[in-house]
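> Below is a structure I'd like to ask you about.
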Amino acid sequence: MSAETARHDAKTLRHQQPRFRGLEAGHRACQGCGEALAARLVTEAAGPDVMVANATGCLEVFTTPWPQSAWRLPWIHSVFGNAAAVAAGMEAALKQQGRRTRVLAFAGDGGTFDIGFQALSGMMERGHDVLFVCFDNEAYMNTGVQRSGSTPHAAMTNTSPPGTARMGKRHMKKDILAILAAHRIPYAATASVAYPSDLRKKVRRAMDTGGPVFLQVHSPCPLGWGHDSDLTVQVARLAVQTGLFPLVEMERGELIGTLPIREVRPVTDYLRLQQRFRHLFAGDFRAEKELEHLQAIADRNIERFELRGGGKERYDTEGADTVHRGGDRWA
Amino acid sequence: MTQIPPGAFAQPGTSLEFKTGSWRVQRPVHRHRAAPCHAACPAGEDAQAYLARVEVGDLQGAWETLVSANPLPAITGRVCPHPCETACNRGQYDEAIGIHAVERYLGDEALRREWPYPVPAPGSDAPRVAVVGAGPAGLAAAYHLLRGGCRVTLVEALAAAGGTVRTAIPRYRLPLDTLEAETARLLALPGLDFRPHTQLGRDVSLEELRSEHAALFLAPGRRKGQEWNADFAIPGDLHTGLHLLETWVAEGTLPDHPGAVAIVGGGNTAVDLSRVLRRQGVPSVHLITHQRIPAPGVPAEDVMRANPREVAQAVEEGVTIHEHRGVRRLILRGERVVGMELVHMKKLPDADGRLQRVAFEGTETVLHVDHVIPAIGQEVDPAGFEALVERGRIPVDPWWGRVQGQTHLFAGGDARGDHGSVSEAVGDGRRAALGILAVLAGESLEPPTPPEPVPFSDLNLHYFEPAPAAREPVLPPQERRGLEEVEGGLDLHGVRHEAHRCLSCGECLACDNCWTLCPDQAVLKTRERAADGSHYVFDYDYCKGCGICARECPTGYIRMES
């Protein structure tokens, strides 16, 4: 086969990719799925010698349409709430066998914030060497967009519809990172699909740290959030740039790093792109009030984590993903 | 060992059996589009392409890309008003790329290191083509004809090649040794027969050239300073600006002009001469133009035709420019000029929408000057080809430059009459050469569709960082007395900095964004590193057409197609 045909033979080329393909093509995620992108990036950075325990959710469903599987690593699914418990058992068994294979637990925000929380808290408390990754798409997307503990305030879901009484979800997004930090685990961080270098760096740091470690990855859902499929990365980036999804790292419960925002954008830049916040642009006084409320939440995040740029950090929301000819990203 | 029932497991990676590509309604494609600098270059240079070569450290490759369009980069890098930089998308982001400095650096490096022009020696049966005039247009045409496999007879009236670049561009803009070196290298190319001191109409006739050559390219330039055709009294000893400028360039000195001098005109001749007079120690030099000093926001039709950089430097050197002014009459005492009456003037559309100069009554002012020099334009000297000239210009097909009503006769450069810069002349020469090659091959000449440049809005600027442009050293105005070059050019560090700042509009950067951000592993990377997008392959078996790659492509190189 000549070099020319080899270059364009995708089948051959696929097996020559200079990265670990933990999550293979052919999975059934929607177009522009943020979670699929996040899982791909996480397994690339963590693999190849890893095993995954997966909670019920989109990720579990779209990657394993029986009799097929998109995973190219040992992977198990049990039930919705026990991903952390299964991972803890896997870790204990591997330790018993004297193997060095590392264990990851994957769950959506439902499997982390709500249904899987008890198992997660227990696993953290017992100190298992597991990286628990929460793919946070801010609602129960797999079952048809119901609110979760992670759904942000004022977002529309099928169980938090806007109407005369409420403007979308009444309650606040649960601060899961603070709860995890309260477990005094060695490493906990937030990341976003819009900042792949930052995400990969955090996965590697978590793997190097060892012990019970936690990563929350903001993963837009075009279907559930109501934005065009090509805007996934753009929406995720705006969540960070507005301050609504701060990218921070914690060790033993203490804040040790943030991704500073060079130019803070108004929350409306982020909200306007999504149908789940459509009712906030109706122009009436309730909508205005909620917009101000969300802006205040973003402002508080920026204040609390001192996210405004201009500090010593070399990489901020503008510099973290600067591209160069030849693809040499910083992580 | 526990048996796992078949319904409870699946083999790894078997999802590949399911081709998610069937979901797609739109597909991403790699689509190279012209960068604005490329589309704007009158000489046809693809600056984006050679900046990319510079960035990867391949200077000779960059120069070869550059001279595939323009064989005179050391010259044009110095004297061109660089419309590429005006068009540069980066100008809307922070500062335009200093393309002229990169061009100049590559041209100088080629001279220093003697990189050979990529021109093969012509075969024994190569057709002969005659080129009249060894200015930028003629040199470019000869070069591209040689590249196309022709033999060329290059006829020049003067003793040396260069045309206006040699006779009327002051040395502080273009040093003589740069001009000599670059033209000498071109003249030494195999297959080129250079005949200096050969004037059309005096030493050789058009018919002779036609009978001995398969085709002809005329680039005689506009060598005659336009006389002042004014309805007021003018002194007898009046010299045109072009004449004085040529005298200074040739001899390095001028007759004394004590007192105040007014130059009438807003073109390069007027501005160059004003700066020459300042260098000669004339205390007060005025430039009278009915147009305006180039500045952001000034409409193009109202801007002085001179190179904006030169205008700015003239102002720095103490030249007073009177904008929107016309000369109503000269105030004479006997034969001697003592002043001139100026009037406010502007170009306004007439009943047919054509721009006409309008003088505003009641705005007259008097300027006290001792000399007046008209620099209002140049004309074609039609000796030897009188039949081809119509109203002072040779009418040609605007793209190829074929003379109207002719098949194998082309013309270009200043003699066309519709433009007057060195780069435009180089472009004329190149297109005419390509036209001649097509005609000799029996093809018909169709004007190509102009490239659609990548608009600023098609770039994803999130992936770039602001960076100030590299500044080339400029001689301080008080030291600009002699022939020393005003602009110092950039060093290798500066040139690579500029190349690194290039946004690579419309062309793949090989930045890995599409490969990194595809949720479906449908963008694959090849082992070869290329800059044309062949580095990445879309696997349409699995691409769902979400459009993330196109949206996040920094350079607008990926498009979604139905």
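Here's how to read the names in the structure tokens: chain A, B, ... by the order shown, residue numbers from 1 in each chain, ligand numbers from 1 in the order shown.
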Counting only C-alpha atoms, what is within 7 Å of A:Arg170, bar same-chain residues fewer than 4 positions away, as a ChimeraX atom specification?
/A:153-154,166
> Just the selected residues (N, CA, C and O atoms), exported as a short mmCIF file (atom, residue, chain, number, x, y, z; two decimals), in the first residue's frame, please.

```
data_model
loop_
_atom_site.label_atom_id
_atom_site.label_comp_id
_atom_site.auth_asym_id
_atom_site.auth_seq_id
_atom_site.Cartn_x
_atom_site.Cartn_y
_atom_site.Cartn_z
N HIS A 153 -29.73 27.06 39.20
CA HIS A 153 -30.91 27.86 39.51
C HIS A 153 -31.48 28.46 38.23
O HIS A 153 -30.74 28.91 37.36
N ALA A 154 -32.81 28.43 38.13
CA ALA A 154 -33.57 29.08 37.06
C ALA A 154 -33.54 28.32 35.74
O ALA A 154 -34.13 28.77 34.76
N ARG A 166 -42.97 29.76 39.21
CA ARG A 166 -41.51 29.65 39.29
C ARG A 166 -40.87 30.01 37.96
O ARG A 166 -41.45 29.76 36.91
#
```
> Taking a cut-off of 12 Å and counting only C-alpha atoms, can you build a table that, for each residue of stretch 295-383 of chain B near stretch 210-221 of chain B, reports the nearest atom pair and how far apart they are in Å (one decimal), sorted by chain then residue number, as JSON lines?

```
{"residue": "B:Gln378", "atom": "CA", "partner": "B:Gly221", "partner_atom": "CA", "distance": 9.1}
{"residue": "B:Glu379", "atom": "CA", "partner": "B:Gly221", "partner_atom": "CA", "distance": 8.3}
{"residue": "B:Val380", "atom": "CA", "partner": "B:Gly221", "partner_atom": "CA", "distance": 6.3}
{"residue": "B:Asp381", "atom": "CA", "partner": "B:Pro220", "partner_atom": "CA", "distance": 7.8}
{"residue": "B:Pro382", "atom": "CA", "partner": "B:Pro220", "partner_atom": "CA", "distance": 8.6}
{"residue": "B:Ala383", "atom": "CA", "partner": "B:Pro220", "partner_atom": "CA", "distance": 9.8}
```
> Quick one: residues within 8 Å of stretch 194-198 of chain B, only C-alpha atoms counted, chain neighbours fewer than 4 positions away excluded, as a list in words?
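Near neighbours after the sequence-gap exclusion: Thr153, Leu154, Val155, Glu156, Ala157, Leu158, Ala159, Ala160, Ala161, Leu187, Arg202, Asp203 and Val204 of chain B.
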> Export, as a PDB file, in the first residue's frame, the selected residues with C-alpha atoms.

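In the end it all went to part13.pdb:
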```pdb
ATOM      1  CA  THR B 153      14.718  38.804 -25.108  1.00  0.00           C
ATOM      2  CA  LEU B 154      14.602  41.699 -22.649  1.00  0.00           C
ATOM      3  CA  VAL B 155      14.946  45.074 -24.338  1.00  0.00           C
ATOM      4  CA  GLU B 156      15.761  48.162 -22.247  1.00  0.00           C
ATOM      5  CA  ALA B 157      16.313  51.740 -23.414  1.00  0.00           C
ATOM      6  CA  LEU B 158      18.584  52.670 -20.515  1.00  0.00           C
ATOM      7  CA  ALA B 159      21.959  51.248 -19.565  1.00  0.00           C
ATOM      8  CA  ALA B 160      20.673  49.091 -16.716  1.00  0.00           C
ATOM      9  CA  ALA B 161      17.555  47.267 -15.580  1.00  0.00           C
ATOM     10  CA  LEU B 187      19.316  38.970 -15.626  1.00  0.00           C
ATOM     11  CA  ARG B 202      15.137  54.024 -32.415  1.00  0.00           C
ATOM     12  CA  ASP B 203      17.254  50.861 -32.185  1.00  0.00           C
ATOM     13  CA  VAL B 204      14.626  48.263 -32.849  1.00  0.00           C
TER      14      VAL B 204
END
```
> Given a cut-off of 7 Å, which residues of chain A touch chain B, counting only C-alpha atoms, written out as a ChimeraX atom specification?
/A:7-8,10,13-14,17,24-27,31-33,36-37,40,66-73,229-231,318-319,321-327
> Neighbours of A:Arg304 within 12 Å (only C-alpha atoms; same-chain residues fewer than 2 positions away dropped), as a CSV table (one decimal) with all heavy atoms, in the first residue's frame?

```csv
chain,number,residue,atom,x,y,z
A,243,GLY,N,-17.9,33.0,35.0
A,243,GLY,CA,-17.8,32.7,36.5
A,243,GLY,C,-18.9,31.8,37.0
A,243,GLY,O,-18.9,31.5,38.2
A,246,PRO,N,-16.7,27.9,38.0
A,246,PRO,CA,-15.3,28.2,38.2
A,246,PRO,C,-14.4,26.9,38.2
A,246,PRO,O,-14.9,25.9,38.6
A,246,PRO,CB,-15.3,28.7,39.7
A,246,PRO,CG,-16.6,28.4,40.3
A,246,PRO,CD,-17.6,28.0,39.2
A,248,VAL,N,-11.4,25.2,39.6
A,248,VAL,CA,-10.6,25.3,40.8
A,248,VAL,C,-10.0,23.9,41.2
A,248,VAL,O,-10.5,22.9,40.7
A,248,VAL,CB,-11.4,25.8,42.0
A,248,VAL,CG1,-12.0,27.2,41.7
A,248,VAL,CG2,-12.5,24.9,42.4
A,255,LEU,N,-8.2,25.4,49.0
A,255,LEU,CA,-8.1,25.8,47.6
A,255,LEU,C,-6.6,26.0,47.2
A,255,LEU,O,-5.9,26.7,47.9
A,255,LEU,CB,-8.8,27.2,47.5
A,255,LEU,CG,-8.9,27.8,46.1
A,255,LEU,CD1,-9.9,26.9,45.2
A,255,LEU,CD2,-9.4,29.2,46.1
A,258,THR,N,-6.6,28.1,40.7
A,258,THR,CA,-7.8,28.4,40.0
A,258,THR,C,-7.4,28.7,38.5
A,258,THR,O,-6.2,28.9,38.3
A,258,THR,CB,-8.5,29.6,40.5
A,258,THR,OG1,-7.6,30.7,40.4
A,258,THR,CG2,-9.0,29.5,41.9
A,296,ALA,N,-25.4,37.6,40.1
A,296,ALA,CA,-24.9,37.7,41.5
A,296,ALA,C,-24.2,36.4,41.9
A,296,ALA,O,-23.1,36.5,42.6
A,296,ALA,CB,-26.0,38.1,42.4
A,297,ILE,N,-24.7,35.3,41.4
A,297,ILE,CA,-24.1,34.0,41.7
A,297,ILE,C,-22.7,33.9,41.1
A,297,ILE,O,-21.7,33.5,41.7
A,297,ILE,CB,-25.0,32.8,41.3
A,297,ILE,CG1,-26.2,32.7,42.1
A,297,ILE,CG2,-24.2,31.5,41.3
A,297,ILE,CD1,-27.3,31.7,41.6
A,298,ALA,N,-22.6,34.4,39.8
A,298,ALA,CA,-21.3,34.4,39.1
A,298,ALA,C,-20.4,35.3,39.8
A,298,ALA,O,-19.2,35.0,40.0
A,298,ALA,CB,-21.5,34.8,37.7
A,299,ASP,N,-20.9,36.5,40.2
A,299,ASP,CA,-20.0,37.5,40.9
A,299,ASP,C,-19.5,36.9,42.2
A,299,ASP,O,-18.3,37.1,42.5
A,299,ASP,CB,-20.8,38.8,41.2
A,299,ASP,CG,-21.2,39.5,39.9
A,299,ASP,OD1,-20.6,39.2,38.8
A,299,ASP,OD2,-22.0,40.4,39.9
A,300,ARG,N,-20.3,36.2,42.9
A,300,ARG,CA,-19.9,35.6,44.2
A,300,ARG,C,-18.8,34.6,43.9
A,300,ARG,O,-17.8,34.5,44.7
A,300,ARG,CB,-21.1,35.0,44.9
A,300,ARG,CG,-20.7,34.3,46.2
A,300,ARG,CD,-21.8,33.4,46.7
A,300,ARG,NE,-21.3,32.6,47.9
A,300,ARG,CZ,-20.7,31.5,47.8
A,300,ARG,NH1,-20.4,31.0,46.6
A,300,ARG,NH2,-20.3,30.8,48.8
A,301,ASN,N,-19.0,33.7,42.9
A,301,ASN,CA,-17.9,32.8,42.6
A,301,ASN,C,-16.6,33.4,42.3
A,301,ASN,O,-15.5,33.0,42.8
A,301,ASN,CB,-18.3,31.9,41.3
A,301,ASN,CG,-19.4,30.9,41.6
A,301,ASN,OD1,-19.6,30.6,42.8
A,301,ASN,ND2,-20.1,30.5,40.6
A,302,ILE,N,-16.7,34.5,41.5
A,302,ILE,CA,-15.4,35.2,41.1
A,302,ILE,C,-14.8,35.8,42.4
A,302,ILE,O,-13.6,35.7,42.5
A,302,ILE,CB,-15.8,36.3,40.1
A,302,ILE,CG1,-16.2,35.6,38.8
A,302,ILE,CG2,-14.6,37.2,39.9
A,302,ILE,CD1,-16.8,36.5,37.8
A,306,GLU,N,-11.4,34.4,43.9
A,306,GLU,CA,-10.5,35.4,43.3
A,306,GLU,C,-10.2,35.1,41.9
A,306,GLU,O,-9.0,34.9,41.5
A,306,GLU,CB,-9.3,35.5,44.2
A,306,GLU,CG,-9.6,36.0,45.6
A,306,GLU,CD,-8.4,36.0,46.5
A,306,GLU,OE1,-7.3,35.7,46.0
A,306,GLU,OE2,-8.6,36.3,47.7
A,307,LEU,N,-11.2,35.0,41.1
A,307,LEU,CA,-11.0,34.5,39.7
A,307,LEU,C,-10.6,35.6,38.7
A,307,LEU,O,-10.2,35.3,37.6
A,307,LEU,CB,-12.3,33.8,39.2
A,307,LEU,CG,-12.7,32.5,39.8
A,307,LEU,CD1,-14.0,32.0,39.3
A,307,LEU,CD2,-11.6,31.5,39.5
A,308,ARG,N,-10.7,36.8,39.1
A,308,ARG,CA,-10.4,37.9,38.2
A,308,ARG,C,-8.9,37.8,37.8
A,308,ARG,O,-8.0,37.7,38.7
A,308,ARG,CB,-10.7,39.2,38.7
A,308,ARG,CG,-11.3,40.2,37.7
A,308,ARG,CD,-11.9,41.4,38.3
A,308,ARG,NE,-13.3,41.2,38.7
A,308,ARG,CZ,-14.3,41.4,37.9
A,308,ARG,NH1,-14.1,41.7,36.7
A,308,ARG,NH2,-15.5,41.2,38.3
```
> Hey, what does DSSP flag as strand (DSSP E or B) within stretch 166-380 of chain B? Can you give it to me as JSON, numbers by chain?
{"B": [192, 193, 194, 195, 200, 204, 215, 216, 217, 218, 224, 225, 260, 261, 262, 263, 264, 284, 285, 286, 287, 288, 292, 303, 320, 321, 322, 325, 326, 327, 328, 329, 330, 331, 332, 333, 336, 337, 338, 339, 340, 341, 342, 343, 344, 345, 346, 347, 348, 349, 355, 356, 357, 358, 359, 365, 366, 367, 371, 372, 373, 374, 378, 379]}
> So which one's closest to A:Thr157, A:Ala119, A:Ile176, A:Ala182, A:Leu223? Using only C-alpha atoms, please.
A:Leu223
> Run DSSP on the backbone and tell me which residues of stretch 103-295 of chain A come out as helix (DSSP H, G or I); list them as an MDAnalysis selection string.
chainID A and resid 110:114 117:126 176:181 196:209 222:226 229:242 267:271 275:281 285:295
> Applying 9 Å and only C-alpha atoms, which residues near A:Asn137 remain after dropping the ones on its own chain fewer than 4 positions away? List them as a PyMOL selection string.
chain A and resi 34-35+108-109+141+150-151+217-221+224-225
> Near stretch 317-323 of chain B, within 8 Å and counting only C-alpha atoms, which residues show up once chain neighbours fewer than 3 positions away are dropped, as a ChimeraX atom specification?
/B:274-275,278,284-293,313-314,477-478,480
> Got time to write the residues from that selection, N, CA and C atoms, as a PDB file, in the first residue's frame?

```pdb
ATOM      1  N   SER B 274       9.704  65.937  -2.085  1.00  0.00           N
ATOM      2  CA  SER B 274       9.640  66.810  -0.902  1.00  0.00           C
ATOM      3  C   SER B 274      10.682  66.372   0.130  1.00  0.00           C
ATOM      4  N   ARG B 275      10.855  65.062   0.259  1.00  0.00           N
ATOM      5  CA  ARG B 275      11.822  64.555   1.243  1.00  0.00           C
ATOM      6  C   ARG B 275      13.248  64.798   0.756  1.00  0.00           C
ATOM      7  N   ARG B 278      14.109  68.361   1.495  1.00  0.00           N
ATOM      8  CA  ARG B 278      14.453  68.538   2.906  1.00  0.00           C
ATOM      9  C   ARG B 278      15.884  68.063   3.156  1.00  0.00           C
ATOM     10  N   SER B 284      11.914  75.176   3.944  1.00  0.00           N
ATOM     11  CA  SER B 284      10.451  75.111   4.020  1.00  0.00           C
ATOM     12  C   SER B 284       9.916  74.443   2.752  1.00  0.00           C
ATOM     13  N   VAL B 285       9.374  73.243   2.912  1.00  0.00           N
ATOM     14  CA  VAL B 285       8.849  72.499   1.759  1.00  0.00           C
ATOM     15  C   VAL B 285       7.356  72.273   1.959  1.00  0.00           C
ATOM     16  N   HIS B 286       6.584  72.728   0.980  1.00  0.00           N
ATOM     17  CA  HIS B 286       5.130  72.578   1.049  1.00  0.00           C
ATOM     18  C   HIS B 286       4.668  71.590  -0.005  1.00  0.00           C
ATOM     19  N   LEU B 287       3.695  70.791   0.352  1.00  0.00           N
ATOM     20  CA  LEU B 287       3.111  69.853  -0.593  1.00  0.00           C
ATOM     21  C   LEU B 287       1.639  70.232  -0.739  1.00  0.00           C
ATOM     22  N   ILE B 288       1.237  70.498  -1.971  1.00  0.00           N
ATOM     23  CA  ILE B 288      -0.146  70.916  -2.202  1.00  0.00           C
ATOM     24  C   ILE B 288      -0.890  69.740  -2.834  1.00  0.00           C
ATOM     25  N   THR B 289      -1.903  69.244  -2.163  1.00  0.00           N
ATOM     26  CA  THR B 289      -2.648  68.115  -2.741  1.00  0.00           C
ATOM     27  C   THR B 289      -4.141  68.335  -2.546  1.00  0.00           C
ATOM     28  N   HIS B 290      -4.910  67.909  -3.553  1.00  0.00           N
ATOM     29  CA  HIS B 290      -6.368  68.045  -3.421  1.00  0.00           C
ATOM     30  C   HIS B 290      -6.955  66.849  -2.677  1.00  0.00           C
ATOM     31  N   GLN B 291      -6.032  65.949  -2.206  1.00  0.00           N
ATOM     32  CA  GLN B 291      -6.520  64.802  -1.448  1.00  0.00           C
ATOM     33  C   GLN B 291      -6.093  64.922   0.008  1.00  0.00           C
ATOM     34  N   ARG B 292      -6.127  63.811   0.731  1.00  0.00           N
ATOM     35  CA  ARG B 292      -5.836  63.901   2.156  1.00  0.00           C
ATOM     36  C   ARG B 292      -4.708  62.968   2.553  1.00  0.00           C
ATOM     37  N   ILE B 293      -4.107  63.251   3.711  1.00  0.00           N
ATOM     38  CA  ILE B 293      -3.072  62.394   4.269  1.00  0.00           C
ATOM     39  C   ILE B 293      -3.719  61.066   4.655  1.00  0.00           C
ATOM     40  N   GLN B 313       6.502  59.609   6.967  1.00  0.00           N
ATOM     41  CA  GLN B 313       7.912  59.950   7.181  1.00  0.00           C
ATOM     42  C   GLN B 313       8.229  61.349   6.664  1.00  0.00           C
ATOM     43  N   ALA B 314       7.572  61.765   5.573  1.00  0.00           N
ATOM     44  CA  ALA B 314       7.776  63.120   5.061  1.00  0.00           C
ATOM     45  C   ALA B 314       7.331  64.143   6.105  1.00  0.00           C
ATOM     46  N   PRO B 477      14.206  61.252  12.518  1.00  0.00           N
ATOM     47  CA  PRO B 477      14.089  62.270  11.468  1.00  0.00           C
ATOM     48  C   PRO B 477      15.293  63.207  11.392  1.00  0.00           C
ATOM     49  N   GLN B 478      15.859  63.581  12.557  1.00  0.00           N
ATOM     50  CA  GLN B 478      16.964  64.546  12.499  1.00  0.00           C
ATOM     51  C   GLN B 478      18.227  63.960  11.876  1.00  0.00           C
ATOM     52  N   ARG B 480      18.095  61.954   9.207  1.00  0.00           N
ATOM     53  CA  ARG B 480      17.831  61.593   7.814  1.00  0.00           C
ATOM     54  C   ARG B 480      18.352  62.698   6.910  1.00  0.00           C
TER      55      ARG B 480
END
```
> Would you pick out the contacts of A:Pro266 at 9 Å or less, using only C-alpha atoms, so that residues sharing its chain but fewer than 3 positions from it are not included, and give the list as a list in words?
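Those residues are Gln241, Thr242, Gly243, Asp269, Tyr270, Gln295 and Ala298 of chain A.
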> Could the residues in this selection be written to a file with N, CA and C atoms, as a PDB file, in the first residue's frame?

```pdb
ATOM      1  N   GLN A 241     -15.984  31.464  31.530  1.00  0.00           N
ATOM      2  CA  GLN A 241     -15.626  32.883  31.387  1.00  0.00           C
ATOM      3  C   GLN A 241     -16.591  33.818  32.108  1.00  0.00           C
ATOM      4  N   THR A 242     -17.818  33.355  32.351  1.00  0.00           N
ATOM      5  CA  THR A 242     -18.759  34.201  33.082  1.00  0.00           C
ATOM      6  C   THR A 242     -18.588  34.059  34.590  1.00  0.00           C
ATOM      7  N   GLY A 243     -17.933  32.978  35.031  1.00  0.00           N
ATOM      8  CA  GLY A 243     -17.803  32.745  36.467  1.00  0.00           C
ATOM      9  C   GLY A 243     -18.858  31.789  36.998  1.00  0.00           C
ATOM     10  N   ASP A 269     -24.325  36.299  28.169  1.00  0.00           N
ATOM     11  CA  ASP A 269     -23.619  35.729  27.019  1.00  0.00           C
ATOM     12  C   ASP A 269     -23.734  34.208  27.014  1.00  0.00           C
ATOM     13  N   TYR A 270     -23.688  33.637  28.220  1.00  0.00           N
ATOM     14  CA  TYR A 270     -23.774  32.184  28.376  1.00  0.00           C
ATOM     15  C   TYR A 270     -25.226  31.712  28.287  1.00  0.00           C
ATOM     16  N   GLN A 295     -26.398  36.557  37.752  1.00  0.00           N
ATOM     17  CA  GLN A 295     -25.186  37.384  37.675  1.00  0.00           C
ATOM     18  C   GLN A 295     -24.547  37.484  39.066  1.00  0.00           C
ATOM     19  N   ALA A 298     -22.630  34.362  39.831  1.00  0.00           N
ATOM     20  CA  ALA A 298     -21.339  34.375  39.133  1.00  0.00           C
ATOM     21  C   ALA A 298     -20.371  35.325  39.831  1.00  0.00           C
TER      22      ALA A 298
END
```
> So how many Å separate atom CA of B:Gly417 and atom CA of B:Val261, to one decimal?
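Between atom CA of B:Gly417 and atom CA of B:Val261 the gap is 28.6 Å.
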> Expressed in Å to a single decimal, how great is the separation between atom CA of B:Glu561 and atom CA of B:Val29?
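Result for atom CA of B:Glu561 versus atom CA of B:Val29: 7.0 Å, one decimal.
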> Could you check the closest approach to B:Arg357 for each of B:His324, B:Arg173, B:His371, B:His243 and tell me which residue wins, using only C-alpha atoms?
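Smallest separation from B:Arg357 among the options: B:His324.
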> From the list A:Lys202, A:Lys289, A:Arg272, A:His227, which residue is nearest A:Leu259 when using only C-alpha atoms?
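Counting only C-alpha atoms, the residue closest to A:Leu259 is A:Lys202.
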> Measuring atom to atom with only C-alpha atoms, identify which of B:Ala433, B:Arg128, B:Pro395, B:Leu332 is nearest to B:Ala141.
B:Ala433
